[in-house]
>>> print(open('target-v6.txt').read())   # compact mmCIF, C-alpha atoms and all ligand atoms
# COMPACT_ATOMS: atom_id res chain seq x y z
CA MET A 1 1.99 -7.15 -14.80
CA ARG A 2 0.99 -3.79 -16.20
CA THR A 3 -2.48 -2.75 -17.04
CA ARG A 4 -4.73 0.15 -17.83
CA ARG A 5 -8.21 0.81 -16.62
CA THR A 6 -10.33 3.61 -17.89
CA LEU A 7 -11.98 6.23 -15.77
CA THR A 8 -15.15 5.54 -17.70
CA ALA A 9 -15.12 2.01 -16.31
CA LEU A 10 -14.77 3.42 -12.82
CA THR A 11 -17.58 5.91 -13.13
CA ALA A 12 -19.83 3.54 -15.05
CA GLY A 13 -20.12 1.49 -11.89
CA LEU A 14 -21.32 4.38 -9.77
CA ALA A 15 -24.98 3.86 -10.49
CA ALA A 16 -24.62 0.22 -9.56
CA SER A 17 -23.18 1.21 -6.18
CA THR A 18 -26.52 2.58 -5.04
CA LEU A 19 -28.12 -0.78 -5.70
CA LEU A 20 -25.31 -2.62 -3.95
CA LEU A 21 -25.46 -0.35 -0.94
CA ALA A 22 -29.19 -0.99 -0.77
CA ALA A 23 -28.55 -4.73 -0.92
CA CYS A 24 -25.99 -4.44 1.87
CA SER A 25 -28.38 -2.67 4.18
CA SER A 26 -31.15 -5.17 3.55
CA GLY A 27 -29.76 -7.44 6.27
CA ASP A 28 -28.85 -10.21 3.84
CA ASP A 29 -25.24 -10.13 4.85
CA THR A 30 -25.85 -11.24 8.41
CA ALA A 31 -27.55 -14.41 7.20
CA SER A 32 -24.33 -16.40 7.43
CA ASP A 33 -23.44 -15.40 11.00
CA ASN A 34 -23.67 -18.99 12.17
CA GLY A 35 -21.13 -19.83 9.55
CA THR A 36 -22.79 -23.05 8.45
CA SER A 37 -22.79 -22.52 4.69
CA GLY A 38 -20.36 -21.80 1.86
CA SER A 39 -16.65 -22.56 1.70
CA THR A 40 -16.02 -21.30 5.22
CA GLY A 41 -18.70 -22.85 7.38
CA GLY A 42 -17.75 -23.15 11.03
CA ASP A 43 -17.34 -21.21 14.22
CA ALA A 44 -18.41 -17.61 13.75
CA SER A 45 -18.31 -16.62 17.42
CA GLU A 46 -15.20 -14.47 16.87
CA VAL A 47 -12.55 -13.49 14.35
CA GLU A 48 -8.93 -12.66 15.09
CA VAL A 49 -7.82 -10.15 12.46
CA PHE A 50 -4.05 -9.88 12.03
CA THR A 51 -2.81 -6.58 10.53
CA TRP A 52 -0.10 -3.98 11.16
CA TRP A 53 -2.66 -1.20 11.48
CA ALA A 54 -1.88 -0.78 15.15
CA SER A 55 -1.84 2.96 15.77
CA GLY A 56 -2.44 6.47 14.43
CA SER A 57 -4.30 6.93 11.15
CA GLU A 58 -3.91 3.25 10.24
CA LYS A 59 -5.76 2.26 13.41
CA LEU A 60 -8.46 4.83 12.55
CA GLY A 61 -8.90 3.03 9.22
CA LEU A 62 -9.21 -0.33 10.96
CA ASP A 63 -11.62 1.16 13.52
CA ALA A 64 -13.87 2.41 10.71
CA LEU A 65 -13.98 -1.08 9.26
CA VAL A 66 -14.64 -2.67 12.64
CA LYS A 67 -17.59 -0.33 13.16
CA VAL A 68 -19.23 -1.55 9.93
CA PHE A 69 -18.35 -5.13 10.90
CA GLY A 70 -20.13 -4.67 14.25
CA GLU A 71 -23.24 -3.47 12.42
CA GLN A 72 -23.20 -6.23 9.80
CA HIS A 73 -22.17 -9.11 12.08
CA PRO A 74 -23.12 -8.24 15.67
CA ASP A 75 -22.72 -11.85 16.84
CA THR A 76 -19.11 -12.21 15.76
CA LYS A 77 -16.59 -10.74 18.21
CA PHE A 78 -13.75 -8.80 16.60
CA VAL A 79 -10.37 -9.68 18.13
CA ASN A 80 -7.62 -7.25 17.20
CA GLY A 81 -4.38 -9.09 16.36
CA ALA A 82 -2.52 -5.99 15.10
CA VAL A 83 1.28 -5.93 15.38
CA ALA A 84 2.89 -2.46 15.18
CA GLY A 85 5.46 -1.56 12.51
CA GLY A 86 4.84 0.15 9.15
CA ALA A 87 4.60 -2.03 6.03
CA GLY A 88 4.40 -5.10 8.26
CA SER A 89 8.08 -4.71 9.18
CA ALA A 90 7.53 -6.62 12.44
CA ALA A 91 4.22 -8.32 11.68
CA LYS A 92 5.29 -10.49 8.77
CA ASP A 93 7.95 -12.45 10.70
CA LEU A 94 5.63 -13.02 13.61
CA LEU A 95 2.88 -14.15 11.27
CA GLN A 96 5.22 -16.63 9.61
CA SER A 97 6.15 -18.12 13.01
CA ARG A 98 2.48 -18.51 13.88
CA LEU A 99 1.64 -20.10 10.54
CA GLN A 100 4.52 -22.52 10.85
CA ALA A 101 3.54 -23.38 14.42
CA GLY A 102 -0.01 -24.21 13.28
CA ASP A 103 -1.45 -21.26 15.21
CA PRO A 104 -2.85 -19.04 12.46
CA PRO A 105 -5.02 -15.99 13.12
CA ASP A 106 -8.51 -16.28 11.61
CA THR A 107 -7.49 -13.90 8.85
CA PHE A 108 -4.40 -11.84 8.01
CA GLN A 109 -3.49 -8.85 5.88
CA ALA A 110 -1.49 -9.79 2.78
CA HIS A 111 -0.45 -7.79 -0.26
CA ALA A 112 -1.87 -8.74 -3.61
CA GLY A 113 0.76 -10.06 -6.00
CA ALA A 114 4.05 -11.78 -5.22
CA GLU A 115 3.64 -11.69 -1.44
CA LEU A 116 0.31 -13.51 -1.60
CA GLN A 117 1.90 -16.01 -3.96
CA ASP A 118 4.35 -16.89 -1.18
CA TYR A 119 1.51 -17.90 1.13
CA ILE A 120 -0.18 -19.85 -1.66
CA ASP A 121 3.03 -21.69 -2.54
CA ALA A 122 3.56 -22.57 1.12
CA GLY A 123 0.03 -24.01 1.29
CA GLN A 124 -0.82 -21.61 4.12
CA ILE A 125 -4.09 -20.17 2.80
CA GLU A 126 -7.37 -21.52 1.43
CA ASP A 127 -9.08 -20.92 -1.87
CA VAL A 128 -11.95 -18.47 -1.24
CA SER A 129 -13.41 -18.48 -4.78
CA ASP A 130 -16.77 -19.73 -3.43
CA LEU A 131 -17.13 -16.54 -1.42
CA TYR A 132 -16.69 -14.47 -4.58
CA LYS A 133 -19.72 -16.27 -5.96
CA GLU A 134 -21.69 -16.11 -2.74
CA PHE A 135 -21.01 -12.39 -2.14
CA GLY A 136 -21.28 -11.48 -5.84
CA LEU A 137 -17.71 -10.18 -6.04
CA THR A 138 -16.52 -11.53 -9.35
CA ASP A 139 -17.36 -8.37 -11.27
CA VAL A 140 -16.84 -5.70 -8.62
CA PHE A 141 -13.02 -5.73 -8.51
CA PRO A 142 -10.71 -4.77 -11.40
CA LYS A 143 -9.78 -7.86 -13.37
CA ASP A 144 -6.05 -7.16 -13.05
CA LEU A 145 -6.40 -7.07 -9.29
CA ILE A 146 -8.25 -10.39 -9.24
CA ASP A 147 -5.47 -11.81 -11.45
CA ARG A 148 -2.97 -10.92 -8.72
CA LEU A 149 -5.03 -12.90 -6.21
CA THR A 150 -5.54 -15.93 -8.44
CA VAL A 151 -3.50 -19.06 -9.09
CA ASP A 152 -4.70 -21.87 -11.35
CA GLY A 153 -8.18 -20.37 -11.44
CA LYS A 154 -8.50 -20.22 -7.64
CA ILE A 155 -8.81 -16.89 -5.82
CA TYR A 156 -6.97 -16.75 -2.50
CA SER A 157 -7.90 -13.48 -0.82
CA VAL A 158 -10.33 -10.58 -0.76
CA PRO A 159 -8.96 -7.06 -1.39
CA SER A 160 -9.88 -4.15 0.89
CA ASN A 161 -8.21 -1.22 -0.86
CA ILE A 162 -5.71 0.08 -3.40
CA HIS A 163 -2.81 2.31 -2.35
CA ARG A 164 -0.41 4.36 -4.44
CA ALA A 165 3.24 4.30 -3.32
CA ASN A 166 4.77 7.01 -5.56
CA VAL A 167 3.48 10.19 -3.96
CA MET A 168 5.62 13.18 -3.00
CA TRP A 169 4.19 15.24 -0.16
CA ALA A 170 5.38 18.72 0.76
CA ASN A 171 4.90 21.50 3.28
CA PRO A 172 4.01 24.66 1.31
CA THR A 173 5.18 27.06 4.02
CA VAL A 174 8.60 25.43 4.22
CA LEU A 175 8.89 25.63 0.42
CA LYS A 176 7.81 29.27 0.36
CA ASP A 177 10.28 30.19 3.09
CA ALA A 178 12.98 28.55 0.98
CA GLY A 179 12.07 30.77 -1.99
CA LEU A 180 10.15 28.11 -3.89
CA ASP A 181 6.70 28.26 -5.44
CA PRO A 182 4.62 25.76 -3.40
CA ALA A 183 2.43 25.10 -6.45
CA ALA A 184 5.37 24.15 -8.69
CA THR A 185 5.46 20.67 -10.14
CA TYR A 186 8.70 18.79 -10.72
CA SER A 187 8.95 16.62 -13.75
CA THR A 188 12.52 15.40 -13.41
CA MET A 189 14.88 14.37 -10.65
CA ASP A 190 17.16 17.28 -11.58
CA ASP A 191 14.36 19.84 -11.12
CA TRP A 192 13.68 18.28 -7.77
CA PHE A 193 17.35 18.34 -6.70
CA ALA A 194 17.42 22.10 -7.36
CA ALA A 195 14.40 22.53 -5.05
CA LEU A 196 15.90 20.24 -2.41
CA ASP A 197 19.07 22.36 -2.44
CA LYS A 198 17.00 25.44 -1.64
CA VAL A 199 15.16 23.81 1.25
CA LYS A 200 18.45 22.53 2.61
CA ALA A 201 19.94 26.04 2.38
CA SER A 202 16.97 27.39 4.36
CA GLY A 203 18.02 25.23 7.32
CA LYS A 204 15.17 22.72 7.20
CA THR A 205 15.37 19.01 6.47
CA ALA A 206 14.93 18.89 2.70
CA LEU A 207 13.56 15.33 2.50
CA SER A 208 12.21 13.43 5.48
CA VAL A 209 12.52 9.67 5.55
CA ALA A 210 12.39 6.95 8.20
CA THR A 211 13.59 3.39 8.71
CA THR A 212 14.76 0.96 6.00
CA TRP A 213 11.41 0.06 4.45
CA THR A 214 10.63 3.74 3.82
CA GLN A 215 14.02 4.05 2.11
CA VAL A 216 13.12 1.07 -0.08
CA ASN A 217 9.82 2.81 -0.86
CA LEU A 218 11.86 5.86 -1.93
CA LEU A 219 14.26 3.67 -3.94
CA GLU A 220 11.48 2.05 -5.95
CA THR A 221 10.10 5.44 -6.97
CA VAL A 222 13.55 6.56 -8.16
CA LEU A 223 13.86 3.33 -10.17
CA ILE A 224 10.48 4.09 -11.78
CA ALA A 225 11.55 7.68 -12.52
CA ASP A 226 14.85 6.72 -14.10
CA LEU A 227 13.98 3.44 -15.84
CA GLY A 228 10.41 4.31 -16.83
CA ALA A 229 7.44 2.03 -16.18
CA ASP A 230 8.56 -0.70 -18.59
CA GLY A 231 12.17 -0.66 -17.41
CA TYR A 232 11.07 -0.82 -13.78
CA SER A 233 8.62 -3.67 -14.42
CA GLY A 234 11.41 -5.48 -16.28
CA LEU A 235 13.38 -5.63 -13.02
CA TRP A 236 10.82 -8.16 -11.77
CA ASP A 237 10.49 -10.37 -14.84
CA GLY A 238 14.15 -10.48 -15.81
CA LYS A 239 13.85 -8.15 -18.82
CA THR A 240 15.82 -5.32 -17.21
CA ASP A 241 19.43 -5.94 -16.21
CA TRP A 242 20.07 -4.96 -12.60
CA ASN A 243 23.73 -4.43 -13.53
CA GLY A 244 22.89 -1.95 -16.31
CA SER A 245 23.99 1.68 -16.49
CA ASP A 246 20.42 3.00 -16.13
CA VAL A 247 20.17 1.23 -12.77
CA THR A 248 23.54 2.78 -11.81
CA LYS A 249 22.10 6.20 -12.65
CA ALA A 250 19.00 5.51 -10.50
CA LEU A 251 21.14 4.38 -7.58
CA THR A 252 23.27 7.51 -7.94
CA ASP A 253 20.09 9.60 -7.74
CA PHE A 254 18.91 7.58 -4.75
CA GLN A 255 22.24 8.17 -3.00
CA LYS A 256 21.94 11.89 -3.68
CA LEU A 257 18.37 11.95 -2.34
CA MET A 258 19.47 10.20 0.83
CA SER A 259 22.03 13.00 1.36
CA TYR A 260 19.12 15.43 1.87
CA THR A 261 17.44 13.37 4.58
CA ASN A 262 17.22 13.58 8.37
CA THR A 263 20.04 11.82 10.22
CA ASP A 264 17.73 10.25 12.85
CA ARG A 265 15.91 8.36 10.07
CA ASP A 266 16.73 4.80 11.10
CA GLY A 267 14.99 5.14 14.46
CA LEU A 268 11.75 6.44 12.91
CA ASP A 269 8.73 4.91 11.22
CA TRP A 270 6.65 6.49 8.45
CA PRO A 271 4.29 8.49 10.72
CA ASP A 272 7.31 10.31 12.20
CA ALA A 273 8.60 11.29 8.75
CA THR A 274 5.12 12.49 7.73
CA GLN A 275 4.86 14.37 11.02
CA GLN A 276 7.97 16.35 10.05
CA ILE A 277 6.02 17.65 7.05
CA ILE A 278 2.96 18.36 9.21
CA ASP A 279 5.09 20.23 11.77
CA GLY A 280 7.06 22.22 9.17
CA GLN A 281 10.41 20.63 10.03
CA ALA A 282 10.89 19.18 6.56
CA GLY A 283 10.09 20.28 3.01
CA PHE A 284 9.44 17.04 1.12
CA ASN A 285 8.58 13.42 1.86
CA VAL A 286 7.96 10.39 -0.33
CA MET A 287 5.38 7.95 1.00
CA GLY A 288 2.44 5.84 -0.03
CA ASP A 289 -0.93 7.50 0.26
CA TRP A 290 -1.63 6.17 3.75
CA ALA A 291 0.11 9.51 4.50
CA GLU A 292 -3.04 11.24 3.20
CA ALA A 293 -4.89 9.71 6.16
CA ALA A 294 -2.28 11.06 8.57
CA PHE A 295 -2.62 14.61 7.17
CA GLU A 296 -6.38 14.37 7.44
CA ALA A 297 -6.28 12.92 10.96
CA ALA A 298 -4.11 15.90 11.95
CA GLY A 299 -6.83 18.23 10.62
CA LYS A 300 -4.67 19.44 7.70
CA LYS A 301 -6.09 20.57 4.38
CA ALA A 302 -4.49 20.48 0.93
CA PRO A 303 -3.16 22.67 -0.64
CA ALA A 304 -2.96 25.15 2.26
CA ASP A 305 -1.24 22.85 4.75
CA TYR A 306 0.27 20.18 2.50
CA THR A 307 0.62 19.42 -1.19
CA TYR A 308 0.98 16.23 -3.20
CA GLN A 309 2.15 15.20 -6.63
CA PRO A 310 3.66 12.09 -8.19
CA VAL A 311 7.32 11.61 -7.32
CA PRO A 312 9.28 13.67 -9.92
CA GLY A 313 9.72 11.68 -13.10
CA THR A 314 6.83 9.29 -12.33
CA ASP A 315 3.82 11.28 -13.53
CA GLY A 316 1.53 8.97 -15.47
CA VAL A 317 2.63 5.91 -13.50
CA PHE A 318 0.61 4.49 -10.61
CA ASP A 319 2.90 2.52 -8.27
CA PHE A 320 0.28 0.04 -7.11
CA LEU A 321 -0.31 -2.08 -4.04
CA ALA A 322 -3.41 -3.58 -2.49
CA ASP A 323 -4.15 -4.98 0.93
CA SER A 324 -6.20 -8.14 0.99
CA PHE A 325 -7.45 -10.60 3.60
CA THR A 326 -7.09 -14.36 3.67
CA LEU A 327 -8.55 -17.53 5.15
CA PRO A 328 -5.51 -19.30 6.65
CA LYS A 329 -5.48 -23.11 6.67
CA GLY A 330 -6.48 -24.29 10.13
CA ALA A 331 -8.17 -21.02 11.16
CA LYS A 332 -10.10 -21.64 14.37
CA HIS A 333 -13.12 -19.49 13.50
CA PRO A 334 -13.68 -19.86 9.76
CA GLY A 335 -17.26 -18.63 10.07
CA GLY A 336 -15.87 -15.46 11.68
CA THR A 337 -13.38 -15.15 8.81
CA LYS A 338 -16.19 -15.43 6.31
CA ASN A 339 -18.08 -12.62 8.02
CA TRP A 340 -14.95 -10.44 8.05
CA LEU A 341 -14.36 -11.08 4.34
CA GLN A 342 -17.98 -10.16 3.67
CA THR A 343 -17.63 -6.82 5.47
CA ILE A 344 -14.31 -5.83 3.89
CA SER A 345 -15.65 -6.63 0.43
CA SER A 346 -18.99 -4.83 0.89
CA ALA A 347 -19.55 -1.39 -0.60
CA GLU A 348 -20.28 -0.05 2.87
CA GLY A 349 -17.13 -1.58 4.43
CA GLN A 350 -14.88 -0.40 1.60
CA THR A 351 -16.25 3.13 1.68
CA ALA A 352 -15.89 3.52 5.45
CA PHE A 353 -12.44 1.95 5.53
CA ASN A 354 -10.93 3.78 2.57
CA LYS A 355 -12.27 7.17 3.59
CA ALA A 356 -10.23 6.83 6.76
CA LYS A 357 -7.21 5.06 5.23
CA GLY A 358 -6.21 7.39 2.36
CA SER A 359 -6.49 4.56 -0.17
CA ILE A 360 -9.15 4.06 -2.82
CA PRO A 361 -11.69 1.25 -2.73
CA ALA A 362 -10.75 -1.90 -4.59
CA ARG A 363 -14.40 -2.11 -5.66
CA ASN A 364 -15.01 -0.42 -8.98
CA ASP A 365 -18.45 0.88 -7.96
CA ALA A 366 -17.39 3.35 -5.26
CA LYS A 367 -18.79 6.86 -5.34
CA ALA A 368 -15.88 9.23 -5.99
CA SER A 369 -17.58 12.16 -4.27
CA ASP A 370 -17.47 10.27 -0.94
CA PHE A 371 -13.69 10.71 -0.92
CA SER A 372 -11.11 13.48 -0.41
CA GLU A 373 -9.70 15.52 -3.27
CA TYR A 374 -6.47 13.59 -3.07
CA GLN A 375 -8.33 10.28 -3.24
CA GLN A 376 -10.37 11.48 -6.21
CA SER A 377 -7.11 12.32 -7.97
CA ALA A 378 -5.80 8.84 -7.13
CA MET A 379 -8.97 7.26 -8.55
CA GLU A 380 -8.49 9.24 -11.73
CA SER A 381 -4.81 8.25 -11.99
CA PHE A 382 -5.60 4.61 -11.34
CA GLY A 383 -8.08 4.78 -14.18
CA LYS A 384 -5.68 6.18 -16.74
CA ASP A 385 -2.07 5.73 -15.64
CA THR A 386 0.32 2.89 -16.37
CA ILE A 387 0.19 0.56 -13.38
CA VAL A 388 3.38 -0.88 -11.91
CA SER A 389 3.79 -3.11 -8.85
CA SER A 390 5.24 -1.81 -5.60
CA LEU A 391 8.40 -3.50 -4.34
CA ALA A 392 8.26 -2.31 -0.73
CA HIS A 393 4.65 -3.44 -0.40
CA GLY A 394 4.69 -6.97 -1.67
CA ALA A 395 3.26 -6.55 -5.16
CA ALA A 396 6.43 -6.91 -7.25
CA ALA A 397 8.65 -9.49 -5.57
CA PRO A 398 8.48 -12.37 -3.09
CA VAL A 399 9.13 -11.64 0.59
CA ALA A 400 12.62 -13.22 0.41
CA THR A 401 13.65 -10.88 -2.43
CA LEU A 402 12.27 -7.85 -0.64
CA THR A 403 14.13 -8.86 2.53
CA ALA A 404 17.40 -9.19 0.61
CA ILE A 405 16.88 -5.82 -1.12
CA SER A 406 16.05 -4.22 2.23
CA ASP A 407 19.21 -5.66 3.80
CA ALA A 408 21.32 -4.36 0.91
CA THR A 409 19.68 -0.95 1.18
CA SER A 410 20.26 -0.75 4.91
CA LYS A 411 23.90 -1.74 4.42
CA PHE A 412 24.25 1.00 1.80
CA THR A 413 22.52 3.80 3.71
CA THR A 414 23.98 3.07 7.14
CA GLY A 415 27.42 1.87 6.17
CA ALA A 416 30.16 2.40 3.65
CA SER A 417 27.89 3.73 0.86
CA ASP A 418 29.72 1.72 -1.80
CA LEU A 419 27.47 2.21 -4.82
CA ALA A 420 29.03 -0.48 -7.02
CA GLN A 421 28.70 -3.01 -4.21
CA TYR A 422 25.10 -1.92 -3.59
CA GLN A 423 24.23 -2.52 -7.24
CA LYS A 424 25.83 -5.97 -7.07
CA ASP A 425 23.95 -6.77 -3.86
CA LEU A 426 20.65 -5.72 -5.45
CA ALA A 427 21.35 -7.83 -8.54
CA SER A 428 22.01 -10.89 -6.36
CA ALA A 429 18.95 -10.15 -4.23
CA ALA A 430 16.74 -10.03 -7.32
CA ALA A 431 18.31 -13.19 -8.71
CA GLY A 432 17.59 -14.92 -5.41
CA SER A 433 21.22 -15.73 -4.63
C1 LIG B 1 1.59 -1.01 3.50
C2 LIG B 1 0.14 -1.36 3.64
C3 LIG B 1 -0.65 -0.13 3.89
C4 LIG B 1 -0.06 0.67 5.03
C5 LIG B 1 1.45 0.82 4.90
C6 LIG B 1 2.16 1.48 6.05
O1 LIG B 1 2.37 -2.13 3.29
O2 LIG B 1 -0.30 -1.97 2.47
O3 LIG B 1 -1.99 -0.45 4.14
O4 LIG B 1 -0.41 0.05 6.19
O5 LIG B 1 2.04 -0.41 4.68
O6 LIG B 1 2.16 0.70 7.19
>>> encode(input="target-v6.txt", output="structure tokens", more="lines below")
Ligand code: GAL
Amino acid sequence: MRTRRTLTALTAGLAASTLLLAACSSGDDTASDNGTSGSTGGDASEVEVFTWWASGSEKLGLDALVKVFGEQHPDTKFVNGAVAGGAGSAAKDLLQSRLQAGDPPDTFQAHAGAELQDYIDAGQIEDVSDLYKEFGLTDVFPKDLIDRLTVDGKIYSVPSNIHRANVMWANPTVLKDAGLDPAATYSTMDDWFAALDKVKASGKTALSVATTWTQVNLLETVLIADLGADGYSGLWDGKTDWNGSDVTKALTDFQKLMSYTNTDRDGLDWPDATQQIIDGQAGFNVMGDWAEAAFEAAGKKAPADYTYQPVPGTDGVFDFLADSFTLPKGAKHPGGTKNWLQTISSAEGQTAFNKAKGSIPARNDAKASDFSEYQQSAMESFGKDTIVSSLAHGAAAPVATLTAISDATSKFTTGASDLAQYQKDLASAAAGS
């Protein structure tokens, strides 16, 4: 699904945020601590929250949310069920085993869009529409986001944030030392290749990357650059042919980009690749804007210490993903879940969390000036850009498709590098065969 949202709509809600913040601090939101009302009555003594925000800047984001939770729901104990591994690379399998064994956490992190649909189709999560009414959420999230959480008129999760996956980060000193203008923008892949050549010639890693999922994140941005927003979106609804020559061109560009990357990539996760930019070992990196939180946590300031711009060729496109939280069927502490969902959906919870996480609030009444310059630019882009769904982060395709694409990508980048075979493997992955 593609959509547009105007900046006016975003800013129009700002005045309302003051009122909502006032409502949040009135103490109303602790009224349900005993968990006896609404769609999730029940034990509110604790809540096990399952995420993959286990360390570094991601943990700082979770900590900020937990602090607000402690203030809003002092009688509900927060139990951290985080499982390490960027993009849920280890968490999602473990979660599935727990769900299938009838041992769900009280709530878990799930991406809006196709990934959430998987849990709905498997009957693993409850309809939480009543909470939208009870917490007054129906109008505070963008309609297109709610659509990605809704099936047959029922809403199945509560969003905490919106991330952008097509950001290119750079170290300005490394670029300068390579003879490049750190303020330059790159509008095409070819412009970018010329810059990558210079960084490579200077002896630094031109493009830092990490394990398979980060390579898939890179791949999706190249597909957006080369196919355009419509062509890329068509990959997920069958309108774009995976065997077409424009996909071949994108895969050729992806292969070339991978030739500029660090050889130790497969043993690293995203924070390591971002750290190479922070430490001046690498010139460029492509990563979702959780990287913004890592730069900030390291005390770095843009544009002196790092720079950002859309991945070359993707300006005007916002590669979207959103984290959301669920009420699993059979959760042991549904009252605790309800309290957690209240905090993550509150203006206070979303502001505290997103300030630390690099993302932008899902709520449309956030105050832009509370956020970093990067985040303000992301809010502006989200308001005016064409929105496409992230592959690597569960918005575009079901988990099984993403797994098959990831396997094909790993085979391609660690093995024989047979481009024609890679394209065939991707086509079968997308077709589900
Ligand atoms: C994404 C998730 C983000 C961030 C990132 C890196 O899938 O939505 O919140 O955690 O993975 O781990």
>>> closest_residue(input="target-v6.txt", among="A:Thr343, A:Thr188, A:Thr414, A:Asn285", to="A:Pro74", atoms="all atoms listed in the file")
A:Thr343
>>> axis_aligned_box(input="target-v6.txt", around="ligand LIG 1 (chain B)", padding_each_side="6 Å", output="lines of an AutoDock Vina configuration file")
center_x = 0.2
center_y = -0.3
center_z = 4.8
size_x = 16.4
size_y = 15.6
size_z = 16.7
>>> atom_distance(input="target-v6.txt", atom1="atom CA of A:Ser160", atom2="atom CA of A:Ile405")
26.9 Å
>>> residues_near_ligand(input="target-v6.txt", ligand="ligand LIG 1 (chain B)", cutoff="7 Å", atoms="only C-alpha atoms and all ligand atoms", output="list of chain:residue names")
A:Trp52, A:Trp53, A:Glu58, A:Gly85, A:Gly86, A:Ala87, A:Gly88, A:His111, A:His163, A:Trp290, A:Leu321, A:Ala322, A:Asp323, A:His393
>>> closest_residue(input="target-v6.txt", among="A:Thr326, A:Thr205, A:Asn161, A:Ser89", to="A:Gly349", atoms="all atoms listed in the file")
A:Asn161
>>> residues_near_point(input="target-v6.txt", point="(-12.0, -6.2, -8.8)", cutoff="12 Å", atoms="all atoms listed in the file", output="ChimeraX atom specification")
/A:5,9-10,13,112,132,136-150,155,157-162,322,324,345,361-366
